[in-house]
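Data file: protein-v7.cif. Format and content: mmCIF, C-alpha atoms.
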```
data_start
#
loop_
_atom_site.label_atom_id
_atom_site.label_comp_id
_atom_site.auth_asym_id
_atom_site.auth_seq_id
_atom_site.Cartn_x
_atom_site.Cartn_y
_atom_site.Cartn_z
CA MET A 410 -9.07 38.66 -72.31
CA ARG A 411 -5.47 39.80 -72.03
CA LYS A 412 -1.98 38.65 -72.97
CA ILE A 413 0.54 37.54 -70.33
CA LYS A 414 3.83 39.43 -70.20
CA ARG A 415 6.92 37.23 -70.22
CA ASP A 416 8.96 37.33 -67.02
CA SER A 417 12.14 39.42 -67.43
CA LYS A 418 11.88 39.09 -71.21
CA VAL A 419 10.43 41.11 -74.04
CA GLY A 420 7.06 40.09 -75.43
CA PHE A 421 4.21 37.88 -74.32
CA VAL A 422 3.69 34.22 -73.43
CA THR A 423 2.84 32.08 -76.46
CA TYR A 424 1.91 28.47 -77.07
CA PHE A 425 4.67 25.91 -77.78
CA ARG A 426 6.59 26.77 -80.97
CA SER A 427 3.92 29.28 -81.93
CA GLU A 428 3.43 33.02 -82.21
CA GLU A 429 -0.12 32.71 -80.86
CA PRO A 430 -0.38 34.45 -77.47
CA VAL A 431 -1.90 32.69 -74.46
CA LEU A 432 -4.91 34.72 -73.32
CA ILE A 433 -6.44 34.85 -69.85
CA PRO A 434 -9.45 36.69 -68.38
CA GLU A 435 -9.20 39.29 -65.63
CA LYS A 436 -11.13 37.17 -63.14
CA ILE A 437 -12.71 33.77 -62.62
CA GLU A 438 -16.47 33.51 -62.82
CA GLU A 439 -18.14 31.79 -59.87
CA LYS A 440 -18.97 28.14 -60.60
CA ASP A 441 -19.06 24.79 -58.87
CA ALA A 442 -15.52 23.42 -58.97
CA LEU A 443 -13.26 21.20 -56.96
CA ARG A 444 -10.51 23.13 -55.20
CA GLY A 445 -8.25 20.71 -53.43
CA VAL A 446 -4.83 20.10 -51.97
CA TRP A 447 -2.69 17.00 -51.54
CA VAL A 448 -1.63 16.25 -47.97
CA SER A 449 1.63 14.30 -48.25
CA THR A 450 2.46 12.00 -45.34
CA VAL A 451 5.44 10.18 -46.86
CA ALA A 452 8.68 11.39 -45.25
CA ASN A 453 6.50 13.60 -43.01
CA ILE A 454 6.24 16.21 -45.76
CA ASP A 455 3.00 17.73 -44.50
CA LEU A 456 2.49 16.06 -41.13
CA PRO A 457 5.10 15.69 -38.36
CA LYS A 458 5.70 12.54 -36.35
CA LEU A 459 3.24 12.07 -33.52
CA LYS A 460 4.60 13.01 -30.10
CA ASP A 461 1.32 13.87 -28.44
CA VAL A 462 -2.15 12.81 -29.62
CA GLU A 463 -3.83 16.15 -28.95
CA ASP A 464 -1.03 18.07 -30.62
CA TYR A 465 -1.25 15.78 -33.66
CA LYS A 466 -5.00 16.30 -33.85
CA LYS A 467 -4.36 20.05 -33.85
CA HIS A 468 -2.15 19.62 -36.93
CA LEU A 469 -5.04 17.83 -38.64
CA ASP A 470 -7.47 20.54 -37.50
CA ASP A 471 -5.14 23.23 -38.87
CA ILE A 472 -5.18 21.57 -42.30
CA ILE A 473 -8.97 21.83 -42.37
CA LYS A 474 -8.81 25.43 -41.14
CA THR A 475 -6.34 26.39 -43.89
CA VAL A 476 -8.40 24.66 -46.58
CA LYS A 477 -11.43 26.66 -45.46
CA GLU A 478 -9.45 29.92 -45.48
CA TYR A 479 -8.56 29.33 -49.13
CA LYS A 480 -12.20 28.54 -49.95
CA MET A 481 -11.11 25.03 -50.94
CA ASN A 482 -13.40 22.03 -50.62
CA ALA A 483 -11.31 18.88 -50.96
CA VAL A 484 -8.29 17.17 -49.37
CA ILE A 485 -6.42 14.34 -51.06
CA PHE A 486 -4.98 12.62 -47.98
CA GLN A 487 -2.06 10.21 -48.40
CA VAL A 488 -3.16 7.21 -46.35
CA ARG A 489 -0.90 4.46 -47.74
CA PRO A 490 2.52 6.00 -48.50
CA THR A 491 4.80 2.92 -48.28
CA ASN A 492 2.73 -0.24 -48.07
CA ASP A 493 1.43 0.90 -44.67
CA ALA A 494 -1.57 2.78 -43.27
CA PHE A 495 -2.80 6.01 -41.70
CA TYR A 496 -6.04 4.17 -40.93
CA GLU A 497 -7.24 1.08 -39.08
CA SER A 498 -6.47 -1.82 -41.40
CA GLU A 499 -6.55 -5.59 -41.40
CA LEU A 500 -4.19 -5.64 -44.38
CA ASN A 501 -1.58 -2.93 -43.78
CA PRO A 502 0.36 -1.97 -40.62
CA TRP A 503 0.26 1.49 -39.06
CA SER A 504 2.75 3.73 -40.86
CA SER A 505 6.15 4.49 -39.37
CA TYR A 506 5.61 8.08 -40.53
CA ILE A 507 3.11 8.45 -37.67
CA THR A 508 5.09 7.35 -34.61
CA GLY A 509 8.46 6.38 -36.06
CA GLU A 510 7.69 2.69 -35.63
CA GLN A 511 5.77 0.68 -38.19
CA GLY A 512 2.81 -1.17 -36.73
CA LYS A 513 2.58 0.96 -33.57
CA TYR A 514 -0.97 2.10 -32.76
CA PRO A 515 -0.98 5.93 -32.65
CA GLY A 516 -3.75 6.19 -30.10
CA PHE A 517 -6.59 7.06 -32.47
CA ASP A 518 -7.81 6.42 -36.03
CA ILE A 519 -6.16 9.25 -37.97
CA LEU A 520 -8.16 8.94 -41.20
CA GLY A 521 -11.42 8.41 -39.32
CA TYR A 522 -10.80 11.52 -37.20
CA PHE A 523 -9.86 13.64 -40.21
CA ILE A 524 -12.90 12.59 -42.25
CA GLU A 525 -15.25 13.35 -39.35
CA LYS A 526 -13.78 16.84 -38.93
CA ALA A 527 -13.69 17.53 -42.69
CA LYS A 528 -17.32 16.52 -43.22
CA LYS A 529 -18.45 19.04 -40.62
CA GLU A 530 -16.82 21.73 -42.78
CA GLN A 531 -18.23 20.28 -46.02
CA ILE A 532 -14.78 19.24 -47.22
CA GLU A 533 -14.57 16.00 -49.17
CA VAL A 534 -11.72 13.57 -48.52
CA HIS A 535 -10.04 11.44 -51.18
CA ALA A 536 -7.91 8.53 -49.88
CA TRP A 537 -4.56 8.67 -51.67
CA LEU A 538 -2.69 5.37 -52.09
CA ASN A 539 0.72 4.63 -53.48
CA PRO A 540 0.23 1.22 -55.08
CA TYR A 541 3.67 -0.42 -55.05
CA ARG A 542 6.20 1.50 -52.97
CA VAL A 543 7.72 -0.49 -50.06
CA SER A 544 10.58 1.85 -49.09
CA GLN A 545 11.04 5.60 -49.44
CA ILE A 546 14.62 5.65 -48.17
CA THR A 547 16.97 3.72 -50.44
CA LEU A 548 18.87 0.67 -49.23
CA ASP A 549 22.30 2.29 -49.67
CA LYS A 550 21.31 5.10 -47.27
CA LEU A 551 19.91 2.56 -44.85
CA GLU A 552 23.09 0.49 -45.27
CA MET A 553 20.98 -2.65 -45.57
CA THR A 554 20.30 -5.38 -48.08
CA LYS A 555 16.80 -6.05 -49.31
CA ASP A 556 16.37 -9.01 -46.96
CA GLU A 557 17.72 -7.07 -43.99
CA TYR A 558 15.30 -4.21 -44.58
CA LEU A 559 12.26 -6.44 -45.02
CA LYS A 560 13.00 -8.05 -41.65
CA THR A 561 12.66 -4.63 -39.98
CA LEU A 562 9.07 -4.24 -41.17
CA ASP A 563 5.99 -5.08 -39.13
CA ASP A 564 4.85 -8.70 -39.35
CA LYS A 565 1.59 -7.59 -40.96
CA ASN A 566 3.43 -5.96 -43.86
CA PHE A 567 2.65 -7.72 -47.16
CA ALA A 568 6.22 -7.18 -48.37
CA LYS A 569 7.71 -8.87 -45.32
CA LYS A 570 5.37 -11.84 -45.74
CA ASN A 571 6.10 -12.07 -49.48
CA PRO A 572 9.75 -11.14 -50.13
CA HIS A 573 9.62 -12.95 -53.46
CA LEU A 574 7.11 -10.33 -54.65
CA VAL A 575 9.40 -7.39 -53.86
CA MET A 576 11.59 -5.94 -56.61
CA GLU A 577 14.77 -3.95 -56.05
CA THR A 578 15.50 -1.04 -58.39
CA SER A 579 18.86 0.26 -59.57
CA ARG A 580 18.32 3.25 -57.25
CA LYS A 581 18.16 0.76 -54.35
CA ALA A 582 14.44 1.32 -53.74
CA LEU A 583 11.96 -1.51 -53.13
CA ILE A 584 8.55 -1.90 -54.77
CA LEU A 585 5.92 -4.61 -54.94
CA ASP A 586 6.10 -6.42 -58.28
CA PRO A 587 3.49 -4.84 -60.60
CA ALA A 588 3.45 -8.03 -62.73
CA SER A 589 2.23 -10.17 -59.85
CA LYS A 590 -1.48 -11.01 -59.79
CA GLU A 591 -1.15 -11.50 -56.05
CA VAL A 592 0.17 -7.95 -55.71
CA GLN A 593 -2.64 -6.60 -57.87
CA GLU A 594 -5.21 -8.39 -55.71
CA PHE A 595 -3.60 -7.10 -52.52
CA VAL A 596 -3.39 -3.46 -53.63
CA SER A 597 -6.96 -3.45 -54.93
CA ASP A 598 -8.17 -5.16 -51.75
CA SER A 599 -6.43 -2.44 -49.73
CA ALA A 600 -8.36 0.18 -51.71
CA LEU A 601 -11.61 -1.71 -51.25
CA GLU A 602 -11.03 -1.98 -47.49
CA ILE A 603 -10.72 1.81 -47.20
CA ALA A 604 -13.76 2.47 -49.39
CA ARG A 605 -15.89 0.04 -47.37
CA LYS A 606 -14.85 1.34 -43.98
CA TYR A 607 -14.56 5.10 -44.50
CA ASP A 608 -16.81 7.76 -45.97
CA VAL A 609 -14.31 8.86 -48.60
CA LYS A 610 -15.31 10.61 -51.81
CA ALA A 611 -12.71 8.72 -53.84
CA ILE A 612 -9.77 6.37 -53.97
CA HIS A 613 -6.85 8.24 -55.50
CA MET A 614 -3.49 7.07 -56.92
CA ASP A 615 -0.57 9.18 -58.10
CA ASP A 616 2.05 8.62 -60.81
CA TYR A 617 4.31 6.07 -59.08
CA PHE A 618 3.57 3.01 -61.18
CA TYR A 619 6.69 1.36 -62.58
CA PRO A 620 9.76 3.14 -61.19
CA TYR A 621 11.63 5.86 -63.07
CA GLU A 622 14.70 3.57 -63.00
CA GLU A 623 15.36 -0.05 -63.97
CA TYR A 624 15.47 -3.11 -61.75
CA VAL A 625 18.76 -4.36 -60.27
CA ASP A 626 18.25 -7.50 -62.34
CA PRO A 627 16.49 -6.40 -65.58
CA ASP A 628 16.37 -9.99 -66.83
CA GLU A 629 14.29 -11.13 -63.86
CA GLU A 630 11.00 -9.86 -65.24
CA LYS A 631 11.53 -11.46 -68.66
CA LYS A 632 10.63 -14.78 -67.06
CA GLN A 633 7.16 -13.40 -66.39
CA TYR A 634 6.24 -12.26 -69.91
CA GLN A 635 2.82 -13.59 -70.85
CA VAL A 636 2.29 -15.50 -74.08
CA GLY A 637 1.94 -12.95 -76.85
CA ILE A 638 3.65 -10.14 -74.90
CA LYS A 639 7.39 -10.27 -75.51
CA ASN A 640 7.97 -6.53 -75.43
CA LYS A 641 8.89 -5.05 -72.04
CA ALA A 642 6.96 -1.80 -72.54
CA ASP A 643 3.75 -3.54 -73.59
CA PHE A 644 4.16 -6.10 -70.80
CA ARG A 645 4.48 -3.39 -68.17
CA ARG A 646 1.58 -1.34 -69.51
CA TYR A 647 -0.52 -4.50 -69.50
CA ASN A 648 0.30 -5.14 -65.84
CA VAL A 649 -0.54 -1.62 -64.69
CA THR A 650 -3.77 -1.67 -66.69
CA CYS A 651 -4.71 -4.95 -65.01
CA LEU A 652 -4.42 -3.26 -61.62
CA ILE A 653 -6.41 -0.18 -62.68
CA LYS A 654 -9.19 -2.33 -64.13
CA MET A 655 -9.27 -4.53 -61.02
CA MET A 656 -9.44 -1.47 -58.74
CA LYS A 657 -12.40 -0.09 -60.68
CA GLU A 658 -14.24 -3.42 -60.73
CA LYS A 659 -13.89 -3.90 -56.98
CA LEU A 660 -14.97 -0.35 -56.16
CA ASP A 661 -18.01 -0.83 -58.38
CA THR A 662 -19.19 -3.68 -56.12
CA LEU A 663 -19.87 -1.22 -53.28
CA ASP A 664 -23.43 -0.20 -52.45
CA ARG A 665 -22.46 3.47 -52.79
CA LYS A 666 -20.46 5.40 -55.36
CA VAL A 667 -16.78 5.81 -54.50
CA GLU A 668 -14.91 7.49 -57.33
CA PHE A 669 -11.55 6.28 -58.61
CA GLY A 670 -9.05 8.92 -59.67
CA ILE A 671 -5.52 8.89 -61.07
CA SER A 672 -2.94 11.69 -60.99
CA PRO A 673 -0.46 10.91 -63.78
CA PHE A 674 2.71 12.70 -64.79
CA GLY A 675 1.57 15.74 -66.78
CA ILE A 676 2.77 14.59 -70.21
CA TYR A 677 0.93 11.54 -71.58
CA ARG A 678 2.78 11.25 -74.91
CA THR A 679 4.10 13.66 -77.55
CA SER A 680 2.00 14.26 -80.67
CA THR A 681 4.86 15.56 -82.85
CA LYS A 682 6.16 11.98 -83.13
CA TYR A 683 2.90 10.97 -84.80
CA SER A 684 2.08 14.04 -86.90
CA SER A 685 1.48 11.88 -90.01
CA LYS A 686 -1.26 9.85 -88.32
CA GLU A 687 -4.95 10.62 -88.34
CA ASN A 688 -6.11 12.17 -85.06
CA ALA A 689 -2.47 12.75 -84.11
CA TRP A 690 -3.55 14.69 -81.01
CA GLU A 691 -4.68 11.40 -79.40
CA TYR A 692 -1.01 10.36 -79.29
CA GLY A 693 -0.19 13.19 -76.93
CA SER A 694 0.34 16.87 -76.34
CA ASN A 695 2.29 19.49 -78.24
CA ASN A 696 5.77 19.56 -76.66
CA ASP A 697 9.36 18.67 -77.45
CA GLU A 698 10.03 15.02 -78.29
CA SER A 699 12.73 14.84 -75.62
CA CYS A 700 10.14 15.17 -72.84
CA PHE A 701 9.66 12.33 -70.39
CA ASN A 702 6.13 10.93 -70.55
CA CYS A 703 4.02 8.57 -68.48
CA TYR A 704 3.17 6.24 -71.37
CA GLU A 705 6.77 5.33 -72.18
CA GLY A 706 8.51 6.22 -68.91
CA LEU A 707 6.08 4.94 -66.29
CA TYR A 708 4.14 2.48 -68.49
CA ALA A 709 0.81 4.09 -67.64
CA ASP A 710 -1.63 4.26 -70.58
CA ILE A 711 -3.81 6.88 -68.95
CA TYR A 712 -5.73 7.83 -72.11
CA TYR A 713 -6.72 4.19 -72.62
CA TRP A 714 -8.02 4.03 -69.05
CA MET A 715 -10.05 7.17 -69.73
CA GLU A 716 -11.46 5.70 -72.93
CA LYS A 717 -12.43 2.43 -71.22
CA GLY A 718 -14.04 4.17 -68.25
CA TYR A 719 -11.64 2.55 -65.76
CA ILE A 720 -11.28 5.85 -63.88
CA ASP A 721 -13.79 8.52 -62.88
CA TYR A 722 -11.41 11.46 -62.86
CA VAL A 723 -7.88 12.39 -63.90
CA VAL A 724 -5.53 14.96 -62.32
CA PRO A 725 -2.53 15.49 -64.65
CA GLN A 726 0.45 16.93 -62.81
CA ASP A 727 0.88 19.99 -65.00
CA TYR A 728 3.87 21.17 -62.97
CA PHE A 729 5.28 23.36 -65.74
CA ASN A 730 5.18 27.10 -66.05
CA LEU A 731 3.50 29.13 -68.78
CA ASP A 732 6.72 30.10 -70.53
CA TYR A 733 9.19 27.30 -69.86
CA HIS A 734 12.44 27.19 -71.84
CA LYS A 735 15.44 24.98 -71.18
CA VAL A 736 18.83 26.68 -71.02
CA LEU A 737 21.32 24.73 -73.16
CA GLU A 738 25.06 24.34 -72.56
CA ASP A 739 25.86 27.14 -75.02
CA GLY A 740 23.62 29.53 -73.12
CA SER A 741 20.81 29.51 -75.67
CA GLU A 742 17.23 28.60 -74.78
CA LYS A 743 15.00 25.91 -76.22
CA GLU A 744 11.25 25.56 -75.80
CA ILE A 745 10.48 22.23 -74.15
CA VAL A 746 6.94 22.17 -72.79
CA LYS A 747 4.45 24.82 -71.75
CA TYR A 748 1.62 24.76 -69.25
CA ALA A 749 -1.14 25.95 -71.60
CA ASP A 750 -0.44 23.32 -74.27
CA LEU A 751 -0.69 20.52 -71.71
CA ALA A 752 -3.86 21.87 -70.11
CA LYS A 753 -5.50 22.19 -73.54
CA TRP A 754 -4.59 18.60 -74.43
CA TRP A 755 -6.05 17.20 -71.21
CA ASN A 756 -9.15 19.34 -71.74
CA GLU A 757 -9.64 17.73 -75.15
CA ALA A 758 -9.00 14.24 -73.74
CA SER A 759 -11.61 14.89 -71.07
CA LYS A 760 -14.10 16.01 -73.70
CA LYS A 761 -13.52 12.93 -75.88
CA THR A 762 -13.63 10.36 -73.08
CA LYS A 763 -16.13 12.07 -70.73
CA THR A 764 -13.64 11.65 -67.86
CA LYS A 765 -13.81 14.34 -65.17
CA LEU A 766 -10.71 16.55 -65.28
CA TYR A 767 -8.95 18.40 -62.48
CA ILE A 768 -5.54 20.01 -63.07
CA GLY A 769 -2.63 19.30 -60.72
CA MET A 770 -0.96 22.61 -59.82
CA GLY A 771 2.76 22.79 -58.95
CA LEU A 772 2.62 25.30 -56.12
CA TYR A 773 5.71 23.68 -54.58
CA ARG A 774 7.76 24.94 -57.51
CA MET A 775 7.31 28.63 -56.68
CA GLY A 776 10.76 30.16 -56.42
CA SER A 777 12.55 26.96 -57.45
CA ASN A 778 14.14 28.66 -60.47
CA ASN A 779 13.91 31.81 -62.58
CA TYR A 780 10.80 30.53 -64.36
CA TRP A 781 8.89 30.43 -61.08
CA ILE A 782 9.74 33.85 -59.68
CA ASN A 783 6.52 35.62 -60.69
CA PRO A 784 4.12 35.33 -57.70
CA ASP A 785 1.19 35.47 -60.16
CA GLU A 786 2.37 32.40 -62.10
CA ILE A 787 -0.09 30.00 -60.47
CA LYS A 788 -2.85 32.62 -60.48
CA ASN A 789 -2.38 33.09 -64.23
CA GLN A 790 -2.53 29.33 -64.72
CA LEU A 791 -5.80 29.21 -62.78
CA LEU A 792 -7.18 32.02 -64.94
CA PHE A 793 -6.19 30.07 -68.05
CA ASN A 794 -7.88 26.93 -66.72
CA SER A 795 -11.11 28.90 -66.43
CA THR A 796 -11.14 29.29 -70.24
CA LEU A 797 -11.24 25.49 -70.73
CA ASP A 798 -14.73 24.02 -70.74
CA TYR A 799 -13.86 20.59 -69.32
CA VAL A 800 -11.61 21.59 -66.42
CA SER A 801 -13.70 20.89 -63.30
CA GLY A 802 -11.21 22.16 -60.73
CA GLU A 803 -7.64 22.08 -59.46
CA ILE A 804 -5.56 20.28 -56.83
CA PHE A 805 -2.41 21.85 -55.35
CA PHE A 806 0.81 20.07 -54.45
CA THR A 807 1.44 20.15 -51.58
CA TYR A 808 -0.25 21.34 -48.37
CA HIS A 809 2.70 22.95 -46.57
CA ASN A 810 3.22 25.27 -49.53
CA LEU A 811 -0.13 26.88 -48.69
CA VAL A 812 1.25 27.97 -45.31
CA ASP A 813 5.04 28.28 -45.76
CA LYS A 814 6.37 31.78 -45.09
CA GLN A 815 9.85 31.55 -46.61
CA ASP A 816 11.04 32.55 -50.09
CA ASN A 817 8.25 33.93 -52.28
CA TYR A 818 5.49 31.58 -51.10
CA PRO A 819 3.58 34.32 -49.21
CA ALA A 820 3.28 36.46 -52.35
CA ALA A 821 2.07 33.47 -54.38
CA GLN A 822 -0.37 32.46 -51.62
CA LYS A 823 -1.85 35.96 -51.53
CA SER A 824 -2.14 35.98 -55.33
CA ILE A 825 -4.01 32.65 -55.39
CA LYS A 826 -6.27 33.55 -52.49
CA SER A 827 -7.25 36.80 -54.19
CA LEU A 828 -9.07 34.78 -56.86
CA TRP A 829 -11.28 32.91 -54.43
CA THR A 830 -11.79 35.20 -51.45
CA LYS A 831 -11.82 38.90 -50.70
CA ASP A 832 -10.03 38.28 -47.39
CA VAL A 833 -6.29 38.25 -48.16
CA LYS A 834 -5.13 39.96 -44.98
CA SER A 835 -4.35 36.67 -43.25
CA ILE A 836 -1.78 35.65 -45.87
#
```
Would you encode the structure as structure tokens?
Amino acid sequence: MRKIKRDSKVGFVTYFRSEEPVLIPEKIEEKDALRGVWVSTVANIDLPKLKDVEDYKKHLDDIIKTVKEYKMNAVIFQVRPTNDAFYESELNPWSSYITGEQGKYPGFDILGYFIEKAKKEQIEVHAWLNPYRVSQITLDKLEMTKDEYLKTLDDKNFAKKNPHLVMETSRKALILDPASKEVQEFVSDSALEIARKYDVKAIHMDDYFYPYEEYVDPDEEKKQYQVGIKNKADFRRYNVTCLIKMMKEKLDTLDRKVEFGISPFGIYRTSTKYSSKENAWEYGSNNDESCFNCYEGLYADIYYWMEKGYIDYVVPQDYFNLDYHKVLEDGSEKEIVKYADLAKWWNEASKKTKTKLYIGMGLYRMGSNNYWINPDEIKNQLLFNSTLDYVSGEIFFTYHNLVDKQDNYPAAQKSIKSLWTKDVKSI
């Protein structure tokens, strides 16, 4: 085991507000583990618009080829980015991110094709759904009102058919109302449709539950508060939990096992707020109290879902570096949150709840600031993960960062690949 030198600073990487050094091994021992990557279709992040069917299929084939080159074995494919579909559906229209026109048949079943190709290479496919999002582009950029935008959607779109169940946020985005039982039934039915029709390993949802911003009319949801729930935070957490529980119950009706996984924001809660309580660690990880967290910010009680067995696996988005400090206005630095502390907390949560744990890796952040300059940053994080008994693998965000050639991505790609394969010449 060895210490990790700090980037451009004297000394070694330590845990949050501690002198204890973070230690990593020289190499990763061979073991069965999930090695995956998210393929993001929203805004055409990882897949272009379809101009020619054969050319589009080649893009899909290239994803599988790249995954194999990295010795990975899983793809988390975004199949429902904005209340639409990259698959044949009775409930959701074909996505506009395929052809540019929502509802337009692309000429073949994209998810079906991808699964067939992936299975031949022994790559498992997880179907990634965004539960509530109706629009990615905000209304002010579209220069439309809510009603005007909904009219542009395909007639099959649930939001167009149910405008009263669509909420507008202060950022001018549109989401399905998480408090609506009808919405919960629709989203869970969409998941069930995919699991019934396609040979997917899992149904997967990311961290977009309640929006990061408020509604245009914050008072609107007060009318919906159930008896006994008068607090907005508890009301929202109750609604999201209802959806998660419903998803699990419906998937459990299938005649084969289809896992249900959640990828939450990397910080659940902060334990320092509850240091006087017994088992304070259950209240969250060791980080600064100013940190945003999914329990209070997104109203997602992920640890509760793990305790209740509502999910089969969790993929916390630990998109922080090993030695993160925030630069203050006076030029000084303050420790905020560190990768190792978060990974250790999720490892303990996995142990306590017996929920399978994969770590979400922020490959996209390489080169984004001075804390992500070291091309071995992600490699060192992977080495650290190997010291945690309950980490069963990693998933990288996002696919194009595995193949991008600008900035310092190539150096990081070569560093990561060196852990899993002897062939690094192609990077």
Selected by the PyMOL selection byres ((chain A and resi 465-478) around 10) in the shown coordinates: which residues, as a VMD selection string? chain A and resid 444 to 446 448 455 to 464 479 to 484 507 515 517 519 to 520 522 to 523 526 to 528 530 to 532 808 to 809 811 to 812 826 829 to 830 832 to 833 835 to 836
Using the chain letters and numbers from this file, what does the PyMOL selection byres ((chain A and resi 745) around 10) select? Give the answer as a PyMOL selection string. chain A and resi 425-426+695-700+729+732-736+742-744+746-747
File dump, residues just selected, C-alpha atoms, as a PDB file, in the coordinates of the input:
```pdb
ATOM      1  CA  PHE A 425       4.670  25.910 -77.780  1.00  0.00           C
ATOM      2  CA  ARG A 426       6.590  26.770 -80.970  1.00  0.00           C
ATOM      3  CA  ASN A 695       2.290  19.490 -78.240  1.00  0.00           C
ATOM      4  CA  ASN A 696       5.770  19.560 -76.660  1.00  0.00           C
ATOM      5  CA  ASP A 697       9.360  18.670 -77.450  1.00  0.00           C
ATOM      6  CA  GLU A 698      10.030  15.020 -78.290  1.00  0.00           C
ATOM      7  CA  SER A 699      12.730  14.840 -75.620  1.00  0.00           C
ATOM      8  CA  CYS A 700      10.140  15.170 -72.840  1.00  0.00           C
ATOM      9  CA  PHE A 729       5.280  23.360 -65.740  1.00  0.00           C
ATOM     10  CA  ASP A 732       6.720  30.100 -70.530  1.00  0.00           C
ATOM     11  CA  TYR A 733       9.190  27.300 -69.860  1.00  0.00           C
ATOM     12  CA  HIS A 734      12.440  27.190 -71.840  1.00  0.00           C
ATOM     13  CA  LYS A 735      15.440  24.980 -71.180  1.00  0.00           C
ATOM     14  CA  VAL A 736      18.830  26.680 -71.020  1.00  0.00           C
ATOM     15  CA  GLU A 742      17.230  28.600 -74.780  1.00  0.00           C
ATOM     16  CA  LYS A 743      15.000  25.910 -76.220  1.00  0.00           C
ATOM     17  CA  GLU A 744      11.250  25.560 -75.800  1.00  0.00           C
ATOM     18  CA  VAL A 746       6.940  22.170 -72.790  1.00  0.00           C
ATOM     19  CA  LYS A 747       4.450  24.820 -71.750  1.00  0.00           C
TER      20      LYS A 747
END
```
Might you spell out which residues the PyMOL selection byres ((chain A and resi 601) around 12) would select in the displayed file, as JSON, numbers by chain? {"A": [498, 499, 500, 536, 538, 594, 595, 596, 597, 598, 599, 600, 602, 603, 604, 605, 606, 607, 609, 611, 612, 613, 655, 656, 657, 658, 659, 660, 661, 662, 663, 664, 667, 668, 669]}
Edge lengths and centre in Å, axis-aligned, region 541-548 of chain A plus 4 Å each side, as JSON:
```
{"center_x": 11.3, "center_y": 2.6, "center_z": -51.6, "size_x": 23.2, "size_y": 14.1, "size_z": 14.9}
```
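Near (9.3, -6.1, -50.5), the residues inside the 7 Å limit, counting all atoms listed in the file, come to A:Val543, A:Leu559, A:Ala568, A:Lys569, A:Asn571, A:Pro572, A:Leu574, A:Val575, A:Met576, A:Leu583, A:Ile584, A:Leu585.
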What lies within 7 Å of Trp447 (chain A) using only C-alpha atoms, ignoring chain neighbours under 5 positions off, as a PyMOL selection string? chain A and resi 484-486+804-808
Between CA of Tyr712 (chain A) and CA of Asp798 (chain A), measure the distance and give it in Å to one decimal.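 We find that CA of Tyr712 (chain A) and CA of Asp798 (chain A) lie 18.6 Å from each other.
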Would you mind listing what lies within 12 Å of Asp616 (chain A) as an MDAnalysis selection string, with all atoms listed in the file counted and same-chain residues fewer than 3 positions away left out? chainID A and resid 537:542 613 619:621 649 670:677 702:704 706:711 723:726 769
Using only C-alpha atoms, which of A:Ile720, A:Met410, A:Met614, A:Ala758 sits nearest Glu691 (chain A)?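 Of all the options, A:Ala758 lies closest to Glu691 (chain A).
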How many Å lie between CA of Asp615 (chain A) and CA of Asp816 (chain A), rounded to one decimal? 27.3 Å
Pull the neighbourhood of (5.2, 25.5, -59.3) for me: all residues within 12 Å in file coordinates, counting all atoms listed in the file, as an MDAnalysis selection string. chainID A and resid 726:731 733 748 769:790 805:807 810:811 817:818 821:822
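Distance-wise, CA of Trp755 (chain A) and CA of Lys610 (chain A) end up 22.5 Å apart.
In terms of minimum interatomic distance to Thr796 (chain A), A:Leu432 ranks closest within A:Leu432, A:Gln815, A:Asp493, A:Ala588, counting only C-alpha atoms.
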Residue with smallest distance to Lys763 (chain A) - pool A:Cys651, A:Leu751, A:Val800, A:Met715, counting all atoms listed in the file: A:Met715
Between A:Asp608, A:Lys590, A:Arg646, A:Glu577, smallest distance to Glu525 (chain A) by only C-alpha atoms belongs to A:Asp608
Would you kindly return, as number ranges by chain, each protein, DNA or RNA residue with an atom no farther than 12 Å from any atom of Glu438 (chain A), considering all atoms listed in the file and excluding same-chain residues fewer than 6 positions away? A: 791-792, 794-796, 828-829
I need the residues from that last selection saved to file as a tab-separated table (two decimals), keeping the file's coordinate frame (with C-alpha atoms), if you can.
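Below is the file that was written, part_17.tsv:
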```
chain	number	residue	atom	x	y	z
A	791	LEU	CA	-5.80	29.21	-62.78
A	792	LEU	CA	-7.18	32.02	-64.94
A	794	ASN	CA	-7.88	26.93	-66.72
A	795	SER	CA	-11.11	28.90	-66.43
A	796	THR	CA	-11.14	29.29	-70.24
A	828	LEU	CA	-9.07	34.78	-56.86
A	829	TRP	CA	-11.28	32.91	-54.43
```
Write region 462-466 of chain A as a PDB file, in the coordinates of the input, completed to N, CA and C atoms.
```pdb
ATOM      1  N   VAL A 462      -0.932  13.014 -28.841  1.00  0.00           N
ATOM      2  CA  VAL A 462      -2.150  12.810 -29.620  1.00  0.00           C
ATOM      3  C   VAL A 462      -2.896  14.123 -29.844  1.00  0.00           C
ATOM      4  N   GLU A 463      -3.070  14.911 -28.814  1.00  0.00           N
ATOM      5  CA  GLU A 463      -3.830  16.150 -28.950  1.00  0.00           C
ATOM      6  C   GLU A 463      -3.114  17.145 -29.865  1.00  0.00           C
ATOM      7  N   ASP A 464      -1.795  17.189 -29.754  1.00  0.00           N
ATOM      8  CA  ASP A 464      -1.030  18.070 -30.620  1.00  0.00           C
ATOM      9  C   ASP A 464      -1.143  17.628 -32.080  1.00  0.00           C
ATOM     10  N   TYR A 465      -1.129  16.315 -32.298  1.00  0.00           N
ATOM     11  CA  TYR A 465      -1.250  15.780 -33.660  1.00  0.00           C
ATOM     12  C   TYR A 465      -2.628  16.113 -34.224  1.00  0.00           C
ATOM     13  N   LYS A 466      -3.647  15.959 -33.401  1.00  0.00           N
ATOM     14  CA  LYS A 466      -5.000  16.300 -33.850  1.00  0.00           C
ATOM     15  C   LYS A 466      -5.091  17.775 -34.224  1.00  0.00           C
TER      16      LYS A 466
END
```
